>>> print(open('model-v1.cif').read())   # mmCIF, C-alpha atoms and all ligand atoms
data_work
loop_
_atom_site.label_atom_id
_atom_site.label_comp_id
_atom_site.auth_asym_id
_atom_site.auth_seq_id
_atom_site.Cartn_x
_atom_site.Cartn_y
_atom_site.Cartn_z
CA MET M 4 -0.54 218.99 213.89
CA GLU M 5 1.81 219.60 210.97
CA SER M 6 1.83 216.95 208.32
CA LEU M 7 4.56 215.69 206.03
CA PHE M 8 2.12 215.51 203.16
CA PHE M 9 -0.34 218.39 203.49
CA ASN M 10 0.64 222.06 203.22
CA GLU M 11 -1.26 225.21 204.05
CA GLU M 12 -3.08 225.18 200.69
CA HIS M 13 -4.27 221.62 201.28
CA ASN M 14 -5.47 222.60 204.73
CA MET M 15 -7.46 225.56 203.40
CA LEU M 16 -8.95 223.39 200.68
CA ARG M 17 -9.88 220.80 203.28
CA GLN M 18 -11.65 223.41 205.36
CA SER M 19 -13.73 224.66 202.43
CA ILE M 20 -14.65 221.14 201.27
CA LYS M 21 -15.54 220.19 204.84
CA GLU M 22 -17.92 223.15 205.08
CA PHE M 23 -19.51 222.28 201.73
CA VAL M 24 -19.92 218.61 202.66
CA GLN M 25 -21.37 219.38 206.07
CA LYS M 26 -23.68 222.19 204.89
CA GLU M 27 -24.88 220.86 201.54
CA LEU M 28 -24.48 217.08 201.41
CA VAL M 29 -24.63 215.35 204.79
CA GLU M 30 -28.33 216.00 205.39
CA HIS M 31 -29.16 214.07 202.18
CA ASN M 32 -27.22 210.89 202.95
CA GLU M 33 -30.21 208.74 203.85
CA GLU M 34 -32.48 210.28 201.18
CA TRP M 35 -30.01 209.55 198.34
CA ASP M 36 -29.30 206.08 199.67
CA GLU M 37 -33.03 205.36 199.39
CA ALA M 38 -33.42 207.09 196.01
CA GLY M 39 -30.46 205.18 194.55
CA LEU M 40 -29.11 208.27 192.83
CA VAL M 41 -27.00 211.33 193.57
CA PRO M 42 -28.88 214.25 191.95
CA GLU M 43 -27.26 216.06 189.06
CA TRP M 44 -27.10 219.36 190.93
CA VAL M 45 -24.36 217.82 193.11
CA PHE M 46 -22.07 217.46 190.07
CA ARG M 47 -22.85 221.01 188.93
CA ARG M 48 -22.34 222.48 192.38
CA MET M 49 -19.07 220.63 192.88
CA GLY M 50 -18.00 221.75 189.41
CA GLU M 51 -18.80 225.38 190.26
CA LEU M 52 -16.72 225.09 193.43
CA GLY M 53 -13.82 223.63 191.45
CA TYR M 54 -13.88 220.29 193.26
CA LEU M 55 -14.21 218.12 190.16
CA GLY M 56 -10.95 219.30 188.63
CA LEU M 57 -8.64 219.73 191.58
CA ARG M 58 -5.62 218.11 189.98
CA PHE M 59 -6.34 218.91 186.33
CA PRO M 60 -4.42 221.77 184.67
CA GLU M 61 -5.84 225.26 184.98
CA GLU M 62 -6.05 225.60 181.17
CA TYR M 63 -8.90 223.06 181.24
CA GLY M 64 -10.65 224.68 184.18
CA GLY M 65 -8.88 222.58 186.81
CA GLY M 66 -7.15 223.65 189.97
CA GLY M 67 -3.64 222.58 188.96
CA GLY M 68 -3.20 220.77 192.28
CA ASP M 69 -1.29 217.64 193.18
CA PHE M 70 -2.55 214.13 193.99
CA PHE M 71 -3.06 215.11 197.63
CA THR M 72 -5.73 217.66 196.66
CA ASN M 73 -7.86 214.75 195.42
CA ILE M 74 -7.09 212.80 198.56
CA VAL M 75 -8.39 215.78 200.56
CA LEU M 76 -11.63 215.78 198.56
CA MET M 77 -12.26 212.07 198.90
CA GLU M 78 -11.33 212.03 202.59
CA GLU M 79 -13.76 214.85 203.32
CA LEU M 80 -16.58 213.04 201.47
CA ALA M 81 -15.77 209.98 203.58
CA PHE M 82 -15.68 212.05 206.79
CA GLY M 83 -19.18 213.23 205.84
CA ASP M 84 -20.20 209.58 205.45
CA CYS M 85 -21.13 210.30 201.81
CA GLY M 86 -20.04 206.93 200.36
CA GLY M 87 -22.37 207.07 197.36
CA VAL M 88 -21.31 210.61 196.41
CA GLY M 89 -17.68 209.52 196.83
CA ALA M 90 -18.17 206.65 194.37
CA ALA M 91 -19.91 208.89 191.81
CA VAL M 92 -17.33 211.66 192.10
CA GLY M 93 -14.42 209.20 192.18
CA ILE M 94 -15.47 207.79 188.80
CA GLN M 95 -15.90 211.31 187.44
CA CYS M 96 -12.55 212.72 188.63
CA ASP M 97 -10.20 209.80 189.14
CA MET M 98 -11.25 207.09 186.72
CA ALA M 99 -13.15 208.18 183.60
CA THR M 100 -11.45 211.53 182.94
CA PRO M 101 -7.70 211.20 183.71
CA PRO M 102 -7.20 209.13 180.51
CA ILE M 103 -8.65 212.05 178.50
CA LEU M 104 -6.00 214.38 179.88
CA ALA M 105 -3.25 211.83 179.41
CA PHE M 106 -4.11 210.49 175.95
CA GLY M 107 -6.81 212.73 174.43
CA THR M 108 -6.56 215.17 171.55
CA GLU M 109 -7.14 218.85 172.24
CA GLU M 110 -10.61 218.53 170.73
CA GLN M 111 -11.47 215.59 173.02
CA LYS M 112 -10.26 217.55 176.03
CA GLN M 113 -12.45 220.52 175.12
CA ARG M 114 -15.45 218.33 174.35
CA TYR M 115 -15.35 215.95 177.35
CA LEU M 116 -12.81 216.96 179.97
CA VAL M 117 -13.72 220.65 180.27
CA PRO M 118 -17.48 220.05 180.80
CA ALA M 119 -16.74 217.12 183.16
CA ILE M 120 -14.60 219.44 185.31
CA LYS M 121 -17.46 221.98 185.31
CA GLY M 122 -19.91 219.26 186.35
CA GLU M 123 -21.90 219.84 183.16
CA LYS M 124 -21.24 216.35 181.83
CA ILE M 125 -21.32 213.18 183.93
CA ALA M 126 -18.75 210.55 183.05
CA CYS M 127 -18.67 206.78 183.45
CA LEU M 128 -16.00 204.18 182.79
CA GLY M 129 -16.85 201.03 180.85
CA ILE M 130 -14.41 198.20 181.42
CA THR M 131 -16.15 195.29 183.20
CA GLU M 132 -18.29 192.83 181.24
CA PRO M 133 -20.41 189.87 182.31
CA GLY M 134 -17.66 187.54 181.05
CA ALA M 135 -14.67 189.73 181.98
CA GLY M 136 -14.33 191.04 185.53
CA SER M 137 -10.94 190.58 187.18
CA ASP M 138 -9.64 189.22 183.88
CA VAL M 139 -9.96 192.48 181.96
CA ALA M 140 -7.79 191.15 179.14
CA SER M 141 -10.54 188.69 178.20
CA LEU M 142 -13.16 191.32 177.41
CA SER M 143 -15.12 190.81 174.20
CA THR M 144 -16.93 194.07 173.39
CA TYR M 145 -15.75 194.51 169.83
CA ALA M 146 -15.16 197.76 167.94
CA GLU M 147 -14.89 196.79 164.31
CA LYS M 148 -13.21 199.20 161.91
CA VAL M 149 -15.72 200.33 159.28
CA PRO M 150 -15.42 203.11 156.69
CA GLY M 151 -15.40 206.44 158.56
CA GLY M 152 -15.39 204.98 162.04
CA TRP M 153 -16.15 201.99 164.25
CA LYS M 154 -19.08 199.64 164.76
CA VAL M 155 -19.35 198.50 168.36
CA ASN M 156 -21.20 195.47 169.73
CA GLY M 157 -21.02 194.14 173.26
CA ASN M 158 -22.08 194.59 176.84
CA LYS M 159 -20.75 196.28 180.00
CA ILE M 160 -21.89 195.65 183.55
CA PHE M 161 -21.54 197.26 187.01
CA ILE M 162 -21.02 200.70 185.46
CA THR M 163 -21.00 203.42 188.13
CA ASN M 164 -22.83 206.61 186.97
CA GLY M 165 -23.91 204.47 184.01
CA TYR M 166 -27.63 205.04 184.47
CA ARG M 167 -27.44 208.71 183.47
CA ALA M 168 -23.89 209.48 182.32
CA ASP M 169 -23.40 211.82 179.38
CA PHE M 170 -20.36 209.98 178.10
CA MET M 171 -18.43 206.79 178.67
CA THR M 172 -14.71 206.16 178.56
CA LEU M 173 -14.91 202.75 176.96
CA LEU M 174 -12.40 199.93 176.74
CA ALA M 175 -13.15 197.68 173.76
CA ARG M 176 -11.41 195.08 171.67
CA THR M 177 -10.23 196.35 168.29
CA GLU M 178 -8.33 193.21 167.29
CA LYS M 179 -9.44 189.69 167.97
CA ASN M 180 -7.03 187.00 169.23
CA LYS M 181 -4.48 189.53 170.44
CA GLY M 182 -5.30 189.45 174.17
CA TYR M 183 -4.56 192.65 176.03
CA LYS M 184 -2.65 194.04 173.04
CA GLY M 185 -5.78 194.19 170.89
CA MET M 186 -7.72 196.75 172.92
CA SER M 187 -8.39 200.46 172.51
CA LEU M 188 -10.08 203.25 174.43
CA PHE M 189 -12.98 205.27 173.04
CA LEU M 190 -15.03 208.27 174.13
CA VAL M 191 -18.72 207.56 173.61
CA ASP M 192 -21.65 209.98 173.87
CA THR M 193 -24.40 208.07 175.63
CA ASP M 194 -27.03 209.42 173.22
CA THR M 195 -25.34 207.61 170.32
CA PRO M 196 -27.87 205.31 168.59
CA GLY M 197 -27.17 201.73 169.70
CA TYR M 198 -26.00 202.73 173.19
CA VAL M 199 -28.61 201.11 175.43
CA VAL M 200 -28.83 201.42 179.21
CA SER M 201 -30.63 198.15 179.80
CA ARG M 202 -31.15 198.32 183.57
CA LYS M 203 -30.22 200.09 186.77
CA LEU M 204 -28.74 197.52 189.13
CA ASP M 205 -29.98 197.08 192.70
CA LYS M 206 -27.08 197.01 195.18
CA VAL M 207 -26.44 196.12 198.83
CA GLY M 208 -24.40 199.26 199.61
CA GLN M 209 -23.30 202.59 198.23
CA ARG M 210 -26.80 202.77 196.91
CA ALA M 211 -26.65 206.52 196.33
CA SER M 212 -24.28 205.92 193.42
CA ASP M 213 -26.16 204.49 190.45
CA THR M 214 -24.85 201.37 188.72
CA ALA M 215 -26.02 200.11 185.33
CA GLU M 216 -25.73 197.43 182.70
CA ILE M 217 -25.17 198.72 179.18
CA PHE M 218 -25.44 197.18 175.72
CA PHE M 219 -23.90 198.34 172.45
CA GLU M 220 -26.00 197.28 169.48
CA ASP M 221 -24.34 198.11 166.15
CA MET M 222 -23.31 201.42 167.70
CA ILE M 223 -21.45 203.54 165.16
CA LEU M 224 -18.68 205.78 166.47
CA PRO M 225 -16.79 208.34 164.38
CA GLU M 226 -13.04 207.92 163.73
CA ASP M 227 -12.20 210.58 166.28
CA ALA M 228 -13.93 208.67 169.11
CA LEU M 229 -10.68 206.71 169.51
CA LEU M 230 -8.87 207.86 172.67
CA GLY M 231 -5.11 207.47 172.51
CA GLU M 232 -3.25 205.01 170.36
CA GLN M 233 -5.11 202.08 168.81
CA GLY M 234 -4.09 198.82 170.49
CA ARG M 235 -2.78 200.47 173.67
CA GLY M 236 -6.09 200.82 175.50
CA PHE M 237 -5.38 198.14 178.11
CA GLN M 238 -1.94 199.45 179.05
CA ASN M 239 -3.18 203.06 179.12
CA ILE M 240 -6.18 202.38 181.36
CA MET M 241 -4.22 200.09 183.70
CA TRP M 242 -1.63 202.80 184.16
CA GLU M 243 -4.33 205.30 185.08
CA LEU M 244 -6.08 202.89 187.44
CA GLN M 245 -3.17 202.99 189.88
CA GLY M 246 -4.30 206.45 191.00
CA GLU M 247 -7.87 205.19 191.32
CA ARG M 248 -6.84 202.34 193.61
CA LEU M 249 -4.92 204.66 195.85
CA ILE M 250 -7.81 207.09 196.07
CA VAL M 251 -10.06 204.18 197.08
CA ALA M 252 -7.51 203.27 199.76
CA ALA M 253 -7.46 206.84 201.10
CA THR M 254 -11.26 206.86 201.20
CA CYS M 255 -11.26 203.58 203.15
CA VAL M 256 -8.92 204.91 205.82
CA ALA M 257 -10.97 208.09 206.26
CA GLY M 258 -14.18 206.05 206.39
CA ALA M 259 -12.63 203.72 208.97
CA ARG M 260 -11.84 206.71 211.19
CA VAL M 261 -15.45 207.90 211.05
CA VAL M 262 -16.92 204.50 211.85
CA LEU M 263 -14.46 203.81 214.63
CA GLN M 264 -15.21 207.18 216.26
CA LYS M 265 -18.92 206.43 216.09
CA ALA M 266 -18.29 203.06 217.74
CA ILE M 267 -16.14 204.65 220.46
CA ASP M 268 -18.82 207.26 221.21
CA TYR M 269 -21.44 204.54 221.47
CA THR M 270 -19.41 202.22 223.70
CA LYS M 271 -18.71 205.09 226.08
CA GLU M 272 -22.43 205.78 226.41
CA ARG M 273 -23.86 202.29 226.44
CA VAL M 274 -24.05 200.87 229.95
CA GLN M 275 -24.41 197.14 230.61
CA PHE M 276 -23.59 195.27 233.82
CA GLY M 277 -23.40 198.65 235.57
CA ARG M 278 -20.63 200.25 233.48
CA PRO M 279 -20.01 201.63 229.99
CA ILE M 280 -19.20 198.71 227.72
CA ILE M 281 -15.91 200.36 226.65
CA LYS M 282 -14.63 199.62 230.16
CA ASN M 283 -14.39 195.97 229.12
CA GLN M 284 -10.96 195.21 227.69
CA ALA M 285 -12.66 192.75 225.36
CA ILE M 286 -13.95 195.88 223.64
CA SER M 287 -11.31 198.55 224.29
CA HIS M 288 -8.46 196.33 223.08
CA ARG M 289 -10.27 195.58 219.85
CA ILE M 290 -10.75 199.32 219.38
CA ALA M 291 -7.03 199.80 220.06
CA ASP M 292 -6.14 197.17 217.43
CA LEU M 293 -8.32 198.91 214.85
CA ALA M 294 -6.89 202.33 215.73
CA ALA M 295 -3.35 200.97 215.32
CA ARG M 296 -4.23 199.50 211.93
CA ILE M 297 -5.72 202.83 210.82
CA GLU M 298 -2.46 204.65 211.58
CA ALA M 299 -0.33 202.01 209.83
CA VAL M 300 -2.45 201.90 206.68
CA GLN M 301 -2.74 205.69 206.63
CA SER M 302 1.06 205.97 206.50
CA LEU M 303 1.26 203.46 203.67
CA VAL M 304 -1.40 205.32 201.68
CA TYR M 305 0.27 208.71 202.09
CA THR M 306 3.82 207.53 201.35
CA THR M 307 2.60 205.67 198.27
CA ALA M 308 0.65 208.75 197.12
CA TRP M 309 3.81 210.81 197.56
CA GLN M 310 5.73 208.37 195.36
CA LEU M 311 3.01 208.45 192.70
CA ASP M 312 2.98 212.24 192.81
CA HIS M 313 6.76 212.42 192.42
CA GLY M 314 7.04 210.39 189.24
CA GLY M 315 7.18 206.94 190.81
CA TYR M 316 5.09 204.00 189.70
CA PRO M 317 4.68 202.01 192.91
CA THR M 318 2.27 199.30 191.74
CA THR M 319 3.08 196.88 194.56
CA GLU M 320 2.60 199.54 197.22
CA VAL M 321 -0.64 200.70 195.57
CA SER M 322 -1.99 197.14 195.68
CA ALA M 323 -0.82 196.69 199.27
CA ALA M 324 -2.53 199.95 200.27
CA LYS M 325 -5.78 199.02 198.47
CA LEU M 326 -5.81 195.51 199.96
CA LEU M 327 -5.12 196.58 203.55
CA ALA M 328 -7.30 199.70 203.48
CA ALA M 329 -10.36 197.92 202.07
CA GLN M 330 -10.05 195.13 204.62
CA LEU M 331 -9.56 197.67 207.36
CA MET M 332 -12.70 199.58 206.41
CA PHE M 333 -14.69 196.37 206.28
CA ASP M 334 -13.35 195.14 209.64
CA VAL M 335 -13.99 198.47 211.35
CA ALA M 336 -17.56 198.57 210.03
CA ASP M 337 -18.18 194.99 211.07
CA GLU M 338 -16.74 195.49 214.54
CA GLY M 339 -18.55 198.83 214.81
CA MET M 340 -21.84 197.06 214.22
CA GLN M 341 -20.87 194.36 216.73
CA PHE M 342 -20.07 196.99 219.38
CA MET M 343 -23.52 198.52 218.86
CA GLY M 344 -25.36 195.23 219.23
CA GLY M 345 -28.92 195.23 217.88
CA TYR M 346 -29.04 199.03 217.61
CA GLY M 347 -26.37 199.03 214.90
CA TYR M 348 -28.40 196.53 212.91
CA MET M 349 -31.50 198.72 212.75
CA MET M 350 -32.20 200.68 209.58
CA GLU M 351 -32.77 203.81 211.66
CA ASP M 352 -29.08 203.97 212.63
CA PRO M 353 -26.44 205.03 210.05
CA MET M 354 -24.17 202.17 211.22
CA GLN M 355 -26.08 199.72 209.01
CA ARG M 356 -25.40 201.91 205.96
CA MET M 357 -21.72 202.24 206.86
CA TRP M 358 -21.55 198.45 207.15
CA ARG M 359 -23.33 197.95 203.82
CA ASP M 360 -21.25 200.63 202.11
CA SER M 361 -17.97 199.09 203.30
CA ARG M 362 -18.37 195.73 201.57
CA ILE M 363 -17.90 196.87 197.99
CA LEU M 364 -14.46 198.31 198.71
CA ARG M 365 -13.00 194.80 198.76
CA ILE M 366 -14.44 194.10 195.29
CA ALA M 367 -14.51 197.21 193.08
CA GLY M 368 -11.29 198.74 191.75
CA GLY M 369 -9.71 195.26 191.81
CA THR M 370 -10.62 192.61 194.35
CA ASP M 371 -8.58 191.64 197.42
CA GLU M 372 -7.45 188.53 195.57
CA ILE M 373 -6.23 190.49 192.55
CA GLN M 374 -4.25 192.87 194.80
CA ARG M 375 -2.63 189.82 196.43
CA GLU M 376 -1.86 188.42 193.00
CA ILE M 377 -0.11 191.67 191.99
CA ILE M 378 1.91 191.67 195.22
CA ALA M 379 2.79 187.97 194.81
CA MET M 380 3.90 188.54 191.20
CA SER M 381 6.12 191.42 192.27
CA MET M 382 7.77 188.94 194.67
CA GLY M 383 8.36 186.49 191.81
CA LEU M 384 5.60 184.20 193.09
CA GLY M 385 3.25 184.44 190.09
CA VAL M 386 2.06 181.37 188.24
C1 LIG Z 1 -20.79 198.61 192.83
C2 LIG Z 1 -19.79 198.33 191.76
C3 LIG Z 1 -19.33 199.37 190.98
C4 LIG Z 1 -18.44 199.12 189.93
N1 LIG Z 1 -18.09 200.15 189.10
C5 LIG Z 1 -17.44 199.84 187.94
C6 LIG Z 1 -17.28 200.83 186.91
O1 LIG Z 1 -17.68 201.98 187.06
N2 LIG Z 1 -16.68 200.46 185.77
C7 LIG Z 1 -16.22 199.19 185.54
O2 LIG Z 1 -15.69 198.92 184.46
N3 LIG Z 1 -16.34 198.22 186.49
C8 LIG Z 1 -16.97 198.52 187.67
N4 LIG Z 1 -17.14 197.55 188.63
C9 LIG Z 1 -16.64 196.21 188.38
C10 LIG Z 1 -15.55 195.76 189.32
O3 LIG Z 1 -14.32 196.35 189.00
C11 LIG Z 1 -15.53 194.22 189.26
O4 LIG Z 1 -16.69 193.79 189.94
C12 LIG Z 1 -14.31 193.61 189.86
O5 LIG Z 1 -13.17 193.92 189.08
C13 LIG Z 1 -14.43 192.08 189.98
O6 LIG Z 1 -14.93 191.49 188.82
P1 LIG Z 1 -16.17 190.46 188.94
O7 LIG Z 1 -17.20 191.12 189.76
O8 LIG Z 1 -16.53 190.02 187.59
O9 LIG Z 1 -15.60 189.24 189.78
P2 LIG Z 1 -14.73 188.01 189.21
O10 LIG Z 1 -13.57 188.51 188.44
O11 LIG Z 1 -15.64 187.02 188.56
O12 LIG Z 1 -14.19 187.39 190.57
C14 LIG Z 1 -14.99 186.57 191.42
C15 LIG Z 1 -14.11 186.13 192.58
O13 LIG Z 1 -13.00 185.36 192.07
C16 LIG Z 1 -11.79 185.94 192.51
N5 LIG Z 1 -10.77 185.74 191.47
C17 LIG Z 1 -10.83 186.06 190.16
N6 LIG Z 1 -9.67 185.78 189.55
C18 LIG Z 1 -8.85 185.28 190.51
C19 LIG Z 1 -7.51 184.83 190.54
N7 LIG Z 1 -6.75 184.84 189.42
N8 LIG Z 1 -7.00 184.38 191.70
C20 LIG Z 1 -7.74 184.37 192.83
N9 LIG Z 1 -9.02 184.82 192.87
C21 LIG Z 1 -9.56 185.26 191.73
C22 LIG Z 1 -12.11 187.41 192.69
O14 LIG Z 1 -11.15 188.03 193.55
C23 LIG Z 1 -13.49 187.32 193.32
O15 LIG Z 1 -13.38 187.03 194.68
C24 LIG Z 1 -17.98 197.81 189.71
C25 LIG Z 1 -18.41 196.77 190.53
C26 LIG Z 1 -19.32 197.00 191.52
C27 LIG Z 1 -19.82 195.84 192.33
#
>>> encode(input="model-v1.cif", output="structure tokens")
Amino acid sequence: MESLFFNEEHNMLRQSIKEFVQKELVEHNEEWDEAGLVPEWVFRRMGELGYLGLRFPEEYGGGGGDFFTNIVLMEELAFGDCGGVGAAVGIQCDMATPPILAFGTEEQKQRYLVPAIKGEKIACLGITEPGAGSDVASLSTYAEKVPGGWKVNGNKIFITNGYRADFMTLLARTEKNKGYKGMSLFLVDTDTPGYVVSRKLDKVGQRASDTAEIFFEDMILPEDALLGEQGRGFQNIMWELQGERLIVAATCVAGARVVLQKAIDYTKERVQFGRPIIKNQAISHRIADLAARIEAVQSLVYTTAWQLDHGGYPTTEVSAAKLLAAQLMFDVADEGMQFMGGYGYMMEDPMQRMWRDSRILRIAGGTDEIQREIIAMSMGLGV
């Protein structure tokens, strides 16, 4: 069927990514979930194929595509049930590197963006701290100006790709007592003395994507590690995170389709009381409700992406899409497991992984509550 949002080029891209995902990734889903790490060859291979730079300019090795090219990539990873790879790649392409293109110097682009697009350098994004989660403006990692550079002390937690990233896009405080106005972005090589990966965190879901806690102990950065204007780090990263949230929403909708289809297939096969369980309206109507929600949220995600891609800044719609899509994915996974009874709860069936993987989507990239807060504030209901 023709789409309002995807043209022939998107369709061809989708086909090639689908083949790659099905041929080279899907068979490893369980193995990487158990290992707790996506191997580095995946980044290199995806870099070679051009998938890590789809919407970056060609002059930096990117594909020069629009926002929908990234949606295609993340949807296809979700269709392949590769949640952990999606998280790792999402940080690489949609979160840690877009600020380099937007605010970096030419030298920073050559040093970090170009190898990240090739898959030769793995990126992570360091915002969250033990004392500053939803309230990013309260973060305390401090980059003190010293002769010739910066001395950084502090601590980041829940950092995706953090266990083995080559560089971090870091948000740190450069002025005390100035709230969100006293923050700046930095590009940090992870082999800098004083950069310490203290532990790899053990998670419930999306286990294939590694997550780490990181300390900075008198870490000295050169002057030119500053990314963008000093004091504008918070505004710059928050601007960029709109795209991230929408990509997460697109991933949720695609994931919901996969899980719902799996549930439908199962309920058609499973016979109890002499008939397939889908013949019970108690089940088929719940499937219908979920299918209707998928179509509604899908439309919201695509129309919001179109606005973002055409110079709009639809923060309320982005938050609405993230909120509804993450809840949808979670509900579909939970109902999917319910429809499968005890079989869905067994580790030998992928449903348990889909269920585990779905939970984080309501937390990372801004929690449900924070999305509601943004929507409420846009309605003049903020405190
Ligand atoms: C697997 C995983 C990967 C992640 N990857 C990264 C990463 O790569 N880089 C990075 O920087 N961060 C990352 N994060 C951090 C993530 O963005 C935060 O976990 C998230 O923003 C919430 O912060 P918190 O966990 O500290 O929860 P808190 O902010 O402590 O919130 C706890 C609860 O209180 C609610 N709450 C907080 N404030 C309000 C309010 N004003 N009104 C109503 N309710 C409120 C929250 O919604 C939540 O339900 C990751 C997290 C996880 C779990």
>>> residues_near_ligand(input="model-v1.cif", ligand="ligand LIG 1 (chain Z)", cutoff="8 Å", atoms="all atoms listed in the file", output="PDB file with C-alpha atoms, in the coordinates of the input")
ATOM      1  CA  ILE M  94     -15.470 207.790 188.800  1.00  0.00           C
ATOM      2  CA  CYS M 127     -18.670 206.780 183.450  1.00  0.00           C
ATOM      3  CA  LEU M 128     -16.000 204.180 182.790  1.00  0.00           C
ATOM      4  CA  GLY M 129     -16.850 201.030 180.850  1.00  0.00           C
ATOM      5  CA  ILE M 130     -14.410 198.200 181.420  1.00  0.00           C
ATOM      6  CA  THR M 131     -16.150 195.290 183.200  1.00  0.00           C
ATOM      7  CA  GLU M 132     -18.290 192.830 181.240  1.00  0.00           C
ATOM      8  CA  PRO M 133     -20.410 189.870 182.310  1.00  0.00           C
ATOM      9  CA  GLY M 134     -17.660 187.540 181.050  1.00  0.00           C
ATOM     10  CA  ALA M 135     -14.670 189.730 181.980  1.00  0.00           C
ATOM     11  CA  GLY M 136     -14.330 191.040 185.530  1.00  0.00           C
ATOM     12  CA  SER M 137     -10.940 190.580 187.180  1.00  0.00           C
ATOM     13  CA  ASP M 138      -9.640 189.220 183.880  1.00  0.00           C
ATOM     14  CA  VAL M 139      -9.960 192.480 181.960  1.00  0.00           C
ATOM     15  CA  LYS M 159     -20.750 196.280 180.000  1.00  0.00           C
ATOM     16  CA  ILE M 160     -21.890 195.650 183.550  1.00  0.00           C
ATOM     17  CA  PHE M 161     -21.540 197.260 187.010  1.00  0.00           C
ATOM     18  CA  ILE M 162     -21.020 200.700 185.460  1.00  0.00           C
ATOM     19  CA  THR M 163     -21.000 203.420 188.130  1.00  0.00           C
ATOM     20  CA  ASN M 164     -22.830 206.610 186.970  1.00  0.00           C
ATOM     21  CA  GLY M 165     -23.910 204.470 184.010  1.00  0.00           C
ATOM     22  CA  LYS M 206     -27.080 197.010 195.180  1.00  0.00           C
ATOM     23  CA  GLY M 208     -24.400 199.260 199.610  1.00  0.00           C
ATOM     24  CA  GLN M 209     -23.300 202.590 198.230  1.00  0.00           C
ATOM     25  CA  THR M 214     -24.850 201.370 188.720  1.00  0.00           C
ATOM     26  CA  ILE M 363     -17.900 196.870 197.990  1.00  0.00           C
ATOM     27  CA  ILE M 366     -14.440 194.100 195.290  1.00  0.00           C
ATOM     28  CA  ALA M 367     -14.510 197.210 193.080  1.00  0.00           C
ATOM     29  CA  GLY M 368     -11.290 198.740 191.750  1.00  0.00           C
ATOM     30  CA  GLY M 369      -9.710 195.260 191.810  1.00  0.00           C
ATOM     31  CA  THR M 370     -10.620 192.610 194.350  1.00  0.00           C
ATOM     32  CA  ASP M 371      -8.580 191.640 197.420  1.00  0.00           C
ATOM     33  CA  GLU M 372      -7.450 188.530 195.570  1.00  0.00           C
ATOM     34  CA  ILE M 373      -6.230 190.490 192.550  1.00  0.00           C
ATOM     35  CA  GLU M 376      -1.860 188.420 193.000  1.00  0.00           C
TER      36      GLU M 376
END
>>> residues_near_point(input="model-v1.cif", point="(-21.6, 213.0, 207.0)", cutoff="12 Å", atoms="only C-alpha atoms", output="VMD selection string")
chain M and resid 21 to 33 78 to 89 257 to 258 261 to 262 265 353 to 354 356 to 357
>>> residues_around(input="model-v1.cif", residues="range 309-326 of chain M", least_positions_apart="5", cutoff="8 Å", atoms="all atoms listed in the file", output="number ranges by chain")
M: 8, 69-70, 245-246, 248-249, 251-252, 300, 303-304, 365, 370-371, 374-375, 377-378, 381
>>> closest_residue(input="model-v1.cif", among="M:Asp169, M:Leu142, M:Met332, M:Phe71", to="Gln95 in chain M", atoms="only C-alpha atoms")
M:Asp169
>>> residues_around(input="model-v1.cif", residues="range 337-344 of chain M", least_positions_apart="3", cutoff="7 Å", atoms="only C-alpha atoms", output="PyMOL selection string")
chain M and resi 262-263+266+269-270+333-334+347-348+354+358
>>> closest_residue(input="model-v1.cif", among="M:Leu16, M:Gln113, M:Leu188, M:Arg58", to="Gln238 in chain M", atoms="only C-alpha atoms")
M:Leu188
>>> closest_residue(input="model-v1.cif", among="M:Val117, M:Leu204, M:Ala336, M:Ile20", to="Pro60 in chain M", atoms="all atoms listed in the file")
M:Val117
>>> atom_distance(input="model-v1.cif", atom1="CA of Ile120 in chain M", atom2="CA of Ile74 in chain M")
16.6 Å
>>> residues_near_point(input="model-v1.cif", point="(-15.7, 219.3, 184.0)", cutoff="12 Å", atoms="all atoms listed in the file", output="PyMOL selection string")
chain M and resi 46-66+92+95-96+99-101+103-104+112-126+169-170
>>> closest_residue(input="model-v1.cif", among="M:Ala90, M:Ile240, M:Pro42, M:Arg273", to="Ala140 in chain M", atoms="all atoms listed in the file")
M:Ile240
>>> atom_distance(input="model-v1.cif", atom1="CA of Ala211 in chain M", atom2="CA of Ala91 in chain M")
8.5 Å
>>> closest_atom_pairs(input="model-v1.cif", of="range 191-310 of chain M", to="range 177-184 of chain M", cutoff="7 Å", atoms="only C-alpha atoms", output="CSV")
residue,atom,partner,partner_atom,distance
M:Gly234,CA,M:Lys184,CA,5.6
M:Arg235,CA,M:Lys184,CA,6.5
M:Phe237,CA,M:Tyr183,CA,5.9
>>> closest_residue(input="model-v1.cif", among="M:Ala379, M:Gly151, M:Thr144, M:Arg210", to="Val41 in chain M", atoms="only C-alpha atoms")
M:Arg210
>>> closest_residue(input="model-v1.cif", among="M:Met186, M:Ala38, M:Leu174, M:Leu244", to="Gly93 in chain M", atoms="only C-alpha atoms")
M:Leu244
>>> atom_distance(input="model-v1.cif", atom1="CA of Ile286 in chain M", atom2="CA of Val274 in chain M")
12.9 Å
>>> axis_aligned_box(input="model-v1.cif", around="range 235-241 of chain M", padding_each_side="3 Å", output="JSON")
{"center_x": -4.1, "center_y": 200.6, "center_z": 178.7, "size_x": 10.2, "size_y": 10.9, "size_z": 16.0}
